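This is coords.txt. It holds compact mmCIF, C-alpha atoms.
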# COMPACT_ATOMS: atom_id res chain seq x y z
CA MET L 355 -8.62 -28.44 -65.39
CA ASN L 356 -7.49 -25.29 -67.09
CA VAL L 357 -5.24 -22.74 -65.40
CA GLU L 358 -4.76 -19.19 -66.55
CA ILE L 359 -2.45 -16.86 -64.64
CA LEU L 360 -3.37 -13.19 -64.87
CA GLN L 361 -1.74 -9.93 -63.68
CA ARG L 362 1.78 -11.31 -63.91
CA PRO L 363 4.27 -10.87 -62.45
CA ASP L 364 3.52 -8.24 -59.77
CA CYS L 365 0.13 -9.28 -58.49
CA ALA L 366 -0.50 -12.66 -60.07
CA ILE L 367 -3.87 -14.35 -59.68
CA ALA L 368 -4.75 -17.82 -60.96
CA ARG L 369 -8.05 -18.51 -62.69
CA VAL L 370 -8.75 -22.22 -62.51
CA THR L 371 -11.57 -23.64 -64.62
CA LEU L 372 -12.77 -27.06 -63.50
CA ASN L 373 -14.47 -29.79 -65.51
CA ALA L 374 -17.45 -31.67 -64.12
CA GLY L 375 -16.48 -33.58 -60.97
CA GLU L 376 -12.91 -32.29 -60.92
CA LYS L 377 -11.35 -31.41 -57.63
CA LEU L 378 -8.84 -28.74 -56.69
CA MET L 379 -6.88 -28.59 -53.43
CA ALA L 380 -5.66 -25.21 -52.30
CA GLU L 381 -3.87 -23.62 -49.38
CA ALA L 382 -6.55 -22.51 -46.88
CA GLY L 383 -7.31 -18.83 -47.31
CA SER L 384 -6.04 -18.55 -50.86
CA MET L 385 -9.47 -18.51 -52.53
CA ILE L 386 -10.46 -15.02 -53.67
CA ALA L 387 -13.58 -15.75 -55.68
CA MET L 388 -15.43 -18.67 -57.22
CA SER L 389 -18.61 -19.70 -59.05
CA GLY L 390 -21.56 -19.94 -56.65
CA TYR L 391 -22.27 -23.60 -57.34
CA ILE L 392 -18.83 -24.90 -56.45
CA ASN L 393 -18.73 -27.17 -53.42
CA ALA L 394 -16.05 -25.93 -51.08
CA SER L 395 -14.99 -27.86 -48.04
CA THR L 396 -12.09 -27.89 -45.67
CA THR L 397 -10.22 -31.10 -45.31
CA LEU L 398 -7.35 -32.71 -43.61
CA ARG L 399 -6.10 -34.46 -46.64
CA LYS L 400 -6.46 -38.24 -46.79
CA GLY L 401 -3.80 -40.62 -47.96
CA LYS L 402 -0.13 -39.88 -48.21
CA GLY L 403 0.65 -36.62 -46.46
CA GLY L 404 -2.97 -36.40 -45.31
CA GLY L 405 -5.00 -37.00 -42.18
CA ILE L 406 -4.27 -35.45 -38.81
CA LEU L 407 -0.60 -36.35 -38.95
CA GLY L 408 -0.21 -34.94 -42.43
CA GLY L 409 -1.98 -31.78 -41.35
CA LEU L 410 0.26 -31.37 -38.32
CA LYS L 411 3.28 -31.89 -40.50
CA ARG L 412 2.04 -29.19 -42.84
CA MET L 413 1.55 -26.87 -39.88
CA LEU L 414 5.16 -27.46 -38.83
CA ALA L 415 6.13 -26.57 -42.34
CA GLY L 416 4.57 -23.14 -41.92
CA GLU L 417 1.53 -24.14 -43.89
CA SER L 418 -2.05 -24.23 -42.73
CA LEU L 419 -3.32 -27.36 -40.98
CA PHE L 420 -6.15 -27.47 -43.47
CA LEU L 421 -6.46 -27.56 -47.19
CA SER L 422 -9.44 -26.16 -48.99
CA ASP L 423 -11.14 -28.52 -51.35
CA PHE L 424 -13.08 -27.24 -54.37
CA ARG L 425 -15.29 -29.48 -56.52
CA SER L 426 -17.33 -28.40 -59.48
CA PRO L 427 -20.54 -30.36 -60.20
CA THR L 428 -20.66 -29.10 -63.79
CA ALA L 429 -18.10 -28.13 -66.38
CA GLY L 430 -16.85 -24.55 -66.37
CA GLY L 431 -16.77 -23.86 -62.62
CA GLU L 432 -14.25 -21.15 -61.85
CA VAL L 433 -12.01 -20.63 -58.82
CA PHE L 434 -9.72 -17.63 -58.42
CA LEU L 435 -6.67 -18.12 -56.20
CA ALA L 436 -3.93 -15.80 -55.00
CA PRO L 437 -1.22 -15.72 -52.35
CA LYS L 438 -0.99 -13.04 -49.63
CA LEU L 439 2.18 -11.28 -50.75
CA LEU L 440 2.96 -9.45 -53.98
CA GLY L 441 4.48 -11.72 -56.54
CA ASP L 442 4.16 -14.28 -59.28
CA ILE L 443 2.42 -17.64 -59.65
CA LEU L 444 3.94 -20.61 -61.45
CA SER L 445 1.96 -23.48 -62.92
CA TYR L 446 4.05 -26.66 -62.97
CA PRO L 447 3.02 -30.01 -64.48
CA VAL L 448 4.09 -32.71 -62.01
CA SER L 449 5.48 -35.82 -63.67
CA ASP L 450 7.42 -38.90 -62.56
CA THR L 451 10.41 -36.72 -61.72
CA GLY L 452 8.66 -35.14 -58.75
CA LEU L 453 9.17 -31.71 -57.28
CA VAL L 454 10.38 -30.37 -53.94
CA VAL L 455 8.61 -27.16 -52.93
CA GLN L 456 9.59 -24.68 -50.23
CA ALA L 457 6.66 -24.98 -47.80
CA THR L 458 5.32 -21.43 -47.99
CA SER L 459 5.37 -21.42 -51.81
CA TYR L 460 2.62 -24.03 -52.17
CA LEU L 461 -0.63 -22.53 -53.46
CA ALA L 462 -2.80 -25.25 -54.98
CA SER L 463 -2.82 -28.59 -56.80
CA GLU L 464 -4.96 -30.96 -58.80
CA SER L 465 -6.38 -33.99 -57.01
CA GLY L 466 -3.89 -36.36 -58.67
CA VAL L 467 -0.98 -34.60 -56.97
CA ASP L 468 0.32 -35.93 -53.64
CA ILE L 469 1.79 -33.61 -51.05
CA ASP L 470 4.11 -34.90 -48.36
CA LEU L 471 6.56 -33.32 -46.01
CA GLY L 472 9.99 -34.06 -47.39
CA TRP L 473 12.68 -35.55 -45.22
CA GLN L 474 15.13 -33.17 -46.82
CA GLY L 475 13.88 -30.74 -44.18
CA PHE L 476 16.38 -32.07 -41.72
CA LYS L 477 19.28 -31.33 -43.96
CA SER L 478 18.39 -27.65 -43.96
CA LEU L 479 17.92 -27.29 -40.21
CA PHE L 480 21.03 -25.17 -40.06
CA SER L 481 20.01 -22.75 -42.74
CA GLY L 482 17.94 -20.60 -40.39
CA GLU L 483 15.40 -20.09 -43.15
CA ASN L 484 12.42 -22.23 -44.04
CA ILE L 485 13.22 -25.57 -42.58
CA PHE L 486 10.56 -27.55 -44.34
CA TRP L 487 10.10 -28.72 -47.85
CA LEU L 488 7.03 -30.29 -49.38
CA ASP L 489 7.53 -33.40 -51.42
CA ILE L 490 5.24 -33.22 -54.47
CA SER L 491 4.59 -36.37 -56.50
CA GLY L 492 1.85 -37.97 -58.56
CA ARG L 493 0.49 -36.43 -61.70
CA GLY L 494 -1.23 -33.14 -62.45
CA THR L 495 -0.76 -29.42 -62.12
CA VAL L 496 0.61 -27.73 -59.03
CA LEU L 497 0.48 -23.96 -58.53
CA LEU L 498 3.33 -22.26 -56.67
CA SER L 499 3.61 -18.66 -55.50
CA SER L 500 6.63 -16.45 -54.99
CA PHE L 501 7.58 -13.16 -53.39
CA GLY L 502 8.88 -11.24 -56.38
CA ALA L 503 9.31 -12.69 -59.84
CA ILE L 504 10.14 -16.35 -60.51
CA TYR L 505 13.03 -17.31 -62.76
CA GLN L 506 13.96 -20.84 -63.61
CA VAL L 507 17.48 -22.13 -63.97
CA PRO L 508 18.17 -25.29 -65.98
CA VAL L 509 20.91 -26.83 -63.86
CA ASP L 510 23.46 -29.08 -65.54
CA GLY L 511 26.27 -29.67 -63.10
CA GLU L 512 26.26 -27.50 -60.01
CA TYR L 513 24.32 -24.40 -59.05
CA ILE L 514 24.04 -22.33 -55.86
CA VAL L 515 20.90 -20.61 -54.56
CA ASP L 516 20.45 -18.62 -51.33
CA THR L 517 18.09 -20.63 -49.10
CA GLY L 518 15.60 -17.76 -48.82
CA HIS L 519 15.16 -17.56 -52.59
CA ILE L 520 14.22 -21.15 -53.47
CA VAL L 521 10.66 -21.72 -54.65
CA ALA L 522 11.01 -25.31 -55.85
CA PHE L 523 13.35 -27.74 -57.55
CA GLU L 524 12.98 -30.96 -59.50
CA LYS L 525 13.78 -34.13 -57.64
CA SER L 526 16.30 -35.22 -60.25
CA LEU L 527 18.60 -32.77 -58.46
CA THR L 528 20.37 -33.58 -55.25
CA PHE L 529 21.21 -30.80 -52.86
CA ASN L 530 23.09 -30.02 -49.72
CA VAL L 531 23.09 -26.94 -47.56
CA THR L 532 26.54 -25.51 -47.49
CA LYS L 533 28.71 -22.52 -46.78
CA SER L 534 28.84 -19.99 -49.58
CA GLY L 535 32.34 -18.59 -49.10
CA SER L 536 35.71 -20.04 -48.42
CA SER L 537 35.54 -20.28 -44.63
CA TRP L 538 33.03 -22.01 -42.40
CA ILE L 539 33.57 -19.51 -39.61
CA GLY L 540 32.64 -16.63 -41.86
CA SER L 541 29.44 -18.33 -42.97
CA LEU L 542 28.38 -19.29 -39.48
CA LEU L 543 28.92 -15.80 -38.11
CA GLY L 544 26.98 -14.52 -41.07
CA MET L 545 29.98 -12.38 -41.90
CA GLY L 546 29.46 -12.58 -45.60
CA GLY L 547 25.75 -12.05 -45.18
CA GLU L 548 25.14 -14.85 -47.62
CA GLY L 549 24.95 -17.29 -44.71
CA LEU L 550 24.26 -20.73 -46.02
CA VAL L 551 23.20 -21.65 -49.49
CA CYS L 552 21.77 -24.65 -51.27
CA ARG L 553 24.22 -26.32 -53.61
CA PHE L 554 22.31 -28.26 -56.27
CA LYS L 555 23.89 -31.09 -58.23
CA GLY L 556 22.73 -33.04 -61.26
CA GLN L 557 20.33 -32.20 -64.03
CA GLY L 558 16.98 -30.51 -63.57
CA ARG L 559 15.35 -27.17 -63.02
CA VAL L 560 15.46 -24.87 -60.00
CA PHE L 561 12.82 -22.16 -59.58
CA CYS L 562 14.06 -19.07 -57.73
CA GLN L 563 12.27 -15.97 -56.47
CA THR L 564 13.91 -12.59 -56.95
CA HIS L 565 13.06 -11.42 -53.42
CA ASN L 566 13.19 -12.94 -49.96
CA PRO L 567 10.00 -12.40 -47.93
CA ASN L 568 11.85 -12.74 -44.63
CA ALA L 569 14.45 -10.16 -45.62
CA PHE L 570 11.70 -7.72 -46.60
CA GLY L 571 9.82 -8.50 -43.39
CA GLN L 572 12.92 -7.76 -41.38
CA LEU L 573 13.54 -4.53 -43.26
CA VAL L 574 10.05 -3.23 -42.48
CA GLY L 575 9.49 -5.05 -39.19
CA SER L 576 12.65 -3.76 -37.54
CA GLN L 577 11.32 -0.20 -37.90
CA LEU L 578 7.81 -0.87 -36.62
CA PRO L 579 6.89 0.08 -33.05
CA VAL L 580 6.87 -2.67 -30.44
CA LYS L 581 3.51 -4.38 -30.21
CA SER L 582 1.69 -3.35 -27.04
CA GLN L 583 0.60 -6.30 -24.92
CA MET G 577 30.91 -8.63 -68.35
CA LYS G 578 27.31 -8.55 -69.50
CA HIS G 579 24.42 -7.51 -67.33
CA GLU G 580 20.67 -7.27 -67.63
CA ILE G 581 18.19 -5.92 -65.09
CA ARG G 582 15.03 -8.01 -65.38
CA TYR G 583 11.56 -7.77 -63.80
CA LYS G 584 11.68 -3.98 -63.64
CA PRO G 585 10.33 -1.98 -61.93
CA SER G 586 8.72 -3.87 -59.03
CA PHE G 587 10.95 -6.90 -58.63
CA ALA G 588 14.15 -5.81 -60.35
CA ALA G 589 17.02 -8.31 -60.23
CA ILE G 590 20.46 -8.10 -61.83
CA PHE G 591 21.50 -11.00 -64.07
CA VAL G 592 25.26 -10.80 -64.55
CA THR G 593 27.40 -12.91 -66.88
CA LEU G 594 31.06 -12.94 -65.91
CA ASN G 595 33.60 -13.88 -68.57
CA PRO G 596 36.69 -15.85 -67.50
CA GLY G 597 38.83 -13.81 -65.12
CA GLU G 598 36.20 -11.15 -64.45
CA SER G 599 34.83 -10.27 -61.05
CA ILE G 600 32.13 -8.20 -59.36
CA THR G 601 31.75 -7.00 -55.77
CA ALA G 602 28.38 -6.88 -54.03
CA GLU G 603 26.77 -5.92 -50.75
CA ALA G 604 26.63 -8.79 -48.26
CA GLY G 605 23.51 -10.85 -48.88
CA ALA G 606 22.81 -9.46 -52.35
CA MET G 607 23.66 -12.68 -54.22
CA ILE G 608 20.57 -14.80 -54.70
CA SER G 609 21.87 -17.51 -57.01
CA SER G 610 24.98 -18.34 -59.01
CA ASP G 611 26.83 -20.98 -60.94
CA ALA G 612 28.67 -23.14 -58.41
CA GLN G 613 32.11 -22.62 -59.94
CA ILE G 614 32.16 -18.91 -59.12
CA SER G 615 34.39 -18.28 -56.11
CA MET G 616 33.42 -15.85 -53.38
CA ALA G 617 35.63 -13.94 -50.96
CA THR G 618 34.33 -11.82 -48.08
CA HIS G 619 36.11 -8.66 -46.99
CA PHE G 620 35.54 -5.38 -45.22
CA SER G 621 33.94 -2.87 -47.51
CA GLY G 622 36.61 -0.31 -48.39
CA GLY G 623 38.97 -1.20 -45.53
CA PHE G 624 38.34 -1.88 -41.87
CA LEU G 625 37.87 1.67 -40.62
CA SER G 626 35.60 2.87 -43.36
CA ALA G 627 33.63 -0.37 -43.09
CA LEU G 628 33.06 0.32 -39.41
CA LEU G 629 32.00 3.89 -40.10
CA LYS G 630 29.59 2.69 -42.76
CA LYS G 631 28.12 0.04 -40.54
CA PHE G 632 27.46 2.29 -37.57
CA PHE G 633 26.77 5.61 -39.20
CA GLY G 634 25.86 4.87 -42.78
CA GLY G 635 23.43 1.97 -42.37
CA GLU G 636 25.34 -0.32 -44.71
CA SER G 637 26.67 -3.72 -43.79
CA LEU G 638 30.22 -4.28 -42.64
CA PHE G 639 31.14 -6.67 -45.41
CA VAL G 640 31.10 -7.00 -49.15
CA ASN G 641 31.62 -10.14 -51.20
CA THR G 642 33.73 -10.34 -54.32
CA PHE G 643 32.66 -12.95 -56.86
CA THR G 644 35.29 -14.10 -59.35
CA ASN G 645 35.00 -16.35 -62.36
CA ALA G 646 38.21 -18.38 -62.30
CA THR G 647 36.96 -20.91 -64.88
CA GLU G 648 37.36 -21.01 -68.67
CA GLN G 649 33.67 -20.43 -69.49
CA ALA G 650 31.27 -17.57 -68.96
CA LYS G 651 29.31 -17.94 -65.71
CA GLN G 652 26.11 -16.36 -64.47
CA LEU G 653 25.02 -14.94 -61.14
CA VAL G 654 21.97 -13.03 -59.93
CA PHE G 655 21.69 -10.19 -57.39
CA SER G 656 18.73 -8.39 -55.84
CA GLN G 657 17.86 -6.39 -52.73
CA PRO G 658 15.65 -6.86 -49.64
CA ALA G 659 13.22 -4.11 -50.68
CA ILE G 660 10.86 -4.56 -53.60
CA GLY G 661 11.50 -1.97 -56.29
CA ASP G 662 13.68 -0.92 -59.16
CA ILE G 663 17.42 -1.25 -59.69
CA ALA G 664 19.54 1.13 -61.78
CA CYS G 665 23.04 0.89 -63.19
CA ILE G 666 25.32 3.88 -63.72
CA GLU G 667 28.71 4.04 -65.34
CA LEU G 668 31.39 6.04 -63.55
CA ARG G 669 34.11 7.61 -65.70
CA GLY G 670 36.37 9.13 -63.08
CA ASN G 671 33.46 10.75 -61.28
CA SER G 672 31.75 9.77 -58.04
CA ILE G 673 28.30 9.00 -56.70
CA CYS G 674 27.01 9.07 -53.11
CA PHE G 675 24.37 6.68 -51.80
CA GLN G 676 21.78 6.86 -49.09
CA PRO G 677 21.90 3.98 -46.58
CA GLY G 678 20.82 0.68 -48.08
CA ALA G 679 20.84 1.76 -51.74
CA TYR G 680 24.18 0.26 -52.79
CA ILE G 681 24.07 -3.24 -54.34
CA ALA G 682 27.17 -3.97 -56.43
CA HIS G 683 30.12 -2.54 -58.39
CA THR G 684 32.73 -3.72 -60.89
CA PRO G 685 36.52 -3.58 -60.37
CA GLY G 686 37.94 -0.12 -60.98
CA VAL G 687 35.42 1.44 -58.65
CA ARG G 688 36.59 2.35 -55.15
CA MET G 689 34.34 2.31 -52.15
CA GLY G 690 34.69 4.87 -49.41
CA VAL G 691 32.77 6.87 -46.88
CA ARG G 692 32.15 10.54 -46.91
CA TRP G 693 31.20 12.85 -44.08
CA ALA G 694 27.60 13.73 -44.81
CA GLY G 695 27.24 16.41 -42.18
CA VAL G 696 25.12 17.02 -39.13
CA ALA G 697 22.27 18.25 -41.32
CA SER G 698 21.99 14.85 -42.94
CA TRP G 699 22.11 13.17 -39.56
CA LEU G 700 19.32 15.38 -38.21
CA ALA G 701 17.20 14.45 -41.20
CA GLY G 702 17.63 10.82 -40.21
CA GLU G 703 19.91 10.05 -43.15
CA GLY G 704 23.12 9.10 -41.31
CA LEU G 705 26.34 10.94 -40.49
CA PHE G 706 28.36 9.28 -43.23
CA LYS G 707 27.51 8.51 -46.82
CA LEU G 708 28.74 5.72 -48.97
CA LYS G 709 30.75 7.15 -51.85
CA LEU G 710 31.81 5.23 -54.93
CA SER G 711 34.32 6.64 -57.35
CA GLY G 712 36.55 5.54 -60.21
CA ASN G 713 35.86 3.81 -63.51
CA GLY G 714 33.26 1.09 -63.86
CA LEU G 715 29.66 0.15 -63.22
CA VAL G 716 27.70 0.69 -60.02
CA PHE G 717 24.31 -0.89 -59.27
CA PHE G 718 21.89 0.49 -56.73
CA GLY G 719 18.33 -0.20 -55.72
CA ALA G 720 15.32 1.60 -54.34
CA TYR G 721 11.96 0.96 -52.71
CA GLY G 722 9.64 1.82 -55.58
CA GLY G 723 10.65 3.25 -58.95
CA ILE G 724 13.80 5.26 -59.64
CA THR G 725 13.60 8.72 -61.20
CA GLU G 726 16.69 10.48 -62.49
CA LYS G 727 16.80 14.27 -62.26
CA ARG G 728 19.53 16.78 -63.11
CA ILE G 729 19.47 19.78 -60.82
CA THR G 730 21.11 23.11 -61.53
CA SER G 731 19.90 25.19 -58.61
CA GLU G 732 18.15 24.69 -55.32
CA PHE G 733 15.92 21.65 -55.25
CA VAL G 734 13.76 20.24 -52.48
CA VAL G 735 13.37 16.51 -51.83
CA ASP G 736 11.22 14.95 -49.14
CA SER G 737 13.39 13.08 -46.66
CA GLY G 738 13.46 9.37 -47.38
CA HIS G 739 13.04 9.77 -51.14
CA LEU G 740 16.62 10.60 -52.11
CA VAL G 741 18.52 7.45 -53.15
CA ALA G 742 21.72 8.72 -54.75
CA TYR G 743 23.34 12.01 -55.72
CA GLU G 744 26.55 13.35 -57.17
CA PRO G 745 29.02 14.58 -54.55
CA GLY G 746 28.93 18.17 -55.82
CA ILE G 747 25.49 18.52 -54.30
CA LYS G 748 25.12 19.99 -50.83
CA MET G 749 22.38 19.08 -48.46
CA SER G 750 20.65 21.01 -45.73
CA VAL G 751 17.61 20.21 -43.67
CA GLY G 752 14.65 22.48 -43.99
CA MET G 753 10.96 22.72 -43.54
CA ALA G 754 8.82 22.45 -46.63
CA GLY G 755 7.33 25.88 -46.03
CA GLY G 756 7.81 27.39 -42.61
CA VAL G 757 7.14 25.66 -39.31
CA PHE G 758 3.36 26.01 -39.49
CA GLY G 759 3.14 25.01 -43.14
CA SER G 760 5.36 21.97 -42.65
CA VAL G 761 3.30 20.61 -39.80
CA THR G 762 -0.07 21.20 -41.43
CA SER G 763 0.86 20.03 -44.90
CA GLY G 764 2.28 16.78 -43.59
CA GLU G 765 5.49 17.28 -45.51
CA GLY G 766 7.62 17.40 -42.36
CA PHE G 767 11.34 17.70 -42.87
CA VAL G 768 12.71 18.02 -46.36
CA ASN G 769 16.15 17.91 -47.87
CA ARG G 770 17.19 21.22 -49.42
CA LEU G 771 19.71 20.37 -52.11
CA SER G 772 21.91 22.91 -53.82
CA GLY G 773 24.60 22.70 -56.46
CA GLU G 774 24.76 21.04 -59.84
CA GLY G 775 24.50 17.39 -60.64
CA VAL G 776 22.29 14.36 -61.01
CA ILE G 777 20.08 13.02 -58.25
CA TYR G 778 18.06 9.79 -58.12
CA LEU G 779 14.69 9.66 -56.36
CA GLN G 780 12.68 6.68 -55.20
CA SER G 781 8.95 6.84 -55.80
CA ARG G 782 8.05 5.36 -52.39
CA SER G 783 9.74 5.60 -49.02
CA MET G 784 10.25 2.88 -46.46
CA ASP G 785 9.49 5.51 -43.82
CA GLY G 786 6.11 6.08 -45.38
CA LEU G 787 5.30 2.38 -45.29
CA VAL G 788 6.42 2.14 -41.66
CA ARG G 789 4.39 5.21 -40.70
CA PHE G 790 1.35 3.68 -42.37
CA LEU G 791 1.74 0.24 -40.78
CA GLY G 792 2.92 1.34 -37.32
CA PRO G 793 -0.36 2.68 -35.90
CA LYS G 794 -2.19 -0.42 -37.18
CA PHE G 795 -0.12 -2.64 -34.89
CA ARG G 796 -1.93 -3.32 -31.66
This entry written out as structure tokens:
Amino acid sequence: MNVEILQRPDCAIARVTLNAGEKLMAEAGSMIAMSGYINASTTLRKGKGGGILGGLKRMLAGESLFLSDFRSPTAGGEVFLAPKLLGDILSYPVSDTGLVVQATSYLASESGVDIDLGWQGFKSLFSGENIFWLDISGRGTVLLSSFGAIYQVPVDGEYIVDTGHIVAFEKSLTFNVTKSGSSWIGSLLGMGGEGLVCRFKGQGRVFCQTHNPNAFGQLVGSQLPVKSQ
Amino acid sequence: MKHEIRYKPSFAAIFVTLNPGESITAEAGAMISSDAQISMATHFSGGFLSALLKKFFGGESLFVNTFTNATEQAKQLVFSQPAIGDIACIELRGNSICFQPGAYIAHTPGVRMGVRWAGVASWLAGEGLFKLKLSGNGLVFFGAYGGITEKRITSEFVVDSGHLVAYEPGIKMSVGMAGGVFGSVTSGEGFVNRLSGEGVIYLQSRSMDGLVRFLGPKFR
């Protein structure tokens, strides 16, 4: 599988070229174009993180219940993928370390990559942002999308990221959701506006997005007229 | 302090490196990531009263956060804004700059934050009764929806409402029609800001109002 990311960083689109028999899983609705001979099907993924239960878990995570499944019978089949919002795409090679992905940032993955709903989700229940994380393991390429540009931070020690700006982080890092300022009261009342943040510890990389889709949604949404019933 | 604005112009974000002992103050919610050793303190922006005025009449938030590097090494932090668009940095040397609601992002020590009576004209144009005014010596960062265009004006200048981001305090504002009542309605220009005086103004290439007006009727 060969991945090329075009139109970076504002309106990124991924061109995936498949070898004969190779399979690509993608977030339902993310396919923009593909070679006519590619077999596309919709699946509830089997195995770990798959089946009905896995699908329901993905739905809870703000993801679609279904994954699209693309298989090329011959070498050179192309699939173009893109997220809904403006922003960048990151291609990440999954290794033994594993990766935790903020649920709405998942775009696509190679068939050797396993997707599961991470238990870390419960730790971030209080953050008021995306509650669910996807636990990515196995081997192969995973494609992630962001709202805004993606920058990576090599963490060695401790690093803080606003919960709405996390795209993914390597599992060699531990994290806890915490107050950002000096007083709990201030954080809980949202006085500082920073609310709660993720405090990462250890060694590994964190991928952050420069903009928060929910903050932008609120900015625009709060000015829109009330939907008529 | 070192700073770099990356991912211009669509997704601009400010990457700041604070040397030991240095600090920077930012709008509540502007910090997106930072080294863990940087300490943060929340306080009213420019005192309690002016913070209240800003919140209710100027469209800014009640609080600002001051980030201080109390360690022995240089530390990094990153700021951005809710809107997608560009961010600009200006250096104040004893002068002042006024911001439209929502434009302010951060400033360095030496810069004072205050509110300024913007006038009924500004309020009628939907721009708020009070304006955020920063003055002193230091750097000020502000953001826009879309790109930022700098323009020095020396006489009367007309700006469509919703496109002015920042201006020097010597500039006066009055609401007007783009070209008579009939012309304004038919040309779709609506209300405009008539600026007069001398100084620098900053324009944003898109307006949030425009986006809302486009999306609104499509909501059913």
*asked:* With only C-alpha atoms as the counted atoms, please give the residues lying no more than 6 Å from range 455-472 of chain L, apart from itself and same-chain residues fewer than 6 positions off, as JSON, numbers by chain.
replied: {"L": [377, 378, 379, 380, 381, 403, 415, 486, 487, 488, 489, 490, 491, 492, 493, 494, 495, 496, 497, 498, 499, 521, 522]}
*Determine, counting all atoms listed in the file, which protein, DNA and RNA residues have an atom within 9 Å of an atom of Phe675 in chain G; residues of the same chain fewer than 5 positions away are not included. Present the result as a list in words.*
Tyr680, Lys707, Leu708, Lys709, Leu710, Phe718, Leu740, Val741, Ala742, Tyr743 and Glu744 of chain G
*What's the 6 Å shell around Val515 in chain L, counting all atoms listed in the file, without same-chain residues fewer than 2 positions away, as a list in words?*
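After dropping sequence-adjacent residues, the list is Val551 and Cys552 of chain L; Ile608 and Ser609 of chain G.
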*With a distance threshold of 9 Å and counting all atoms listed in the file, extract the residues of chain G near chain L and express them as a ChimeraX atom specification.*
/G:583,586-589,603-613,615-619,637-641,654-660,784-785,787-789,791-793,795-796
*Would you mind telling me which residue in G:Leu779, G:Ile724, G:Leu668, G:Ile673 lies nearest to Gly712 in chain G when using all atoms listed in the file?*
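When distances to Gly712 in chain G are compared using all atoms listed in the file, the smallest one comes from G:Leu668.
From CA of Gly714 in chain G back to CA of Glu667 in chain G, the distance works out to 5.6 Å.
A straight line drawn from CA of Ser526 in chain L to CA of Ile590 in chain G is 27.5 Å long.
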*Work out how far CA of Ala664 in chain G is from CA of Val716 in chain G, in Å to one decimal.*
8.4 Å
How big is the axis-aligned box around the listed atoms of range 709-728 of chain G once 4 Å is added on each side, and where is its centre? Give both in Å to one decimal, as AutoDock Vina command-line options.
--center_x 23.1 --center_y 7.9 --center_z -57.9 --size_x 34.9 --size_y 25.7 --size_z 20.0
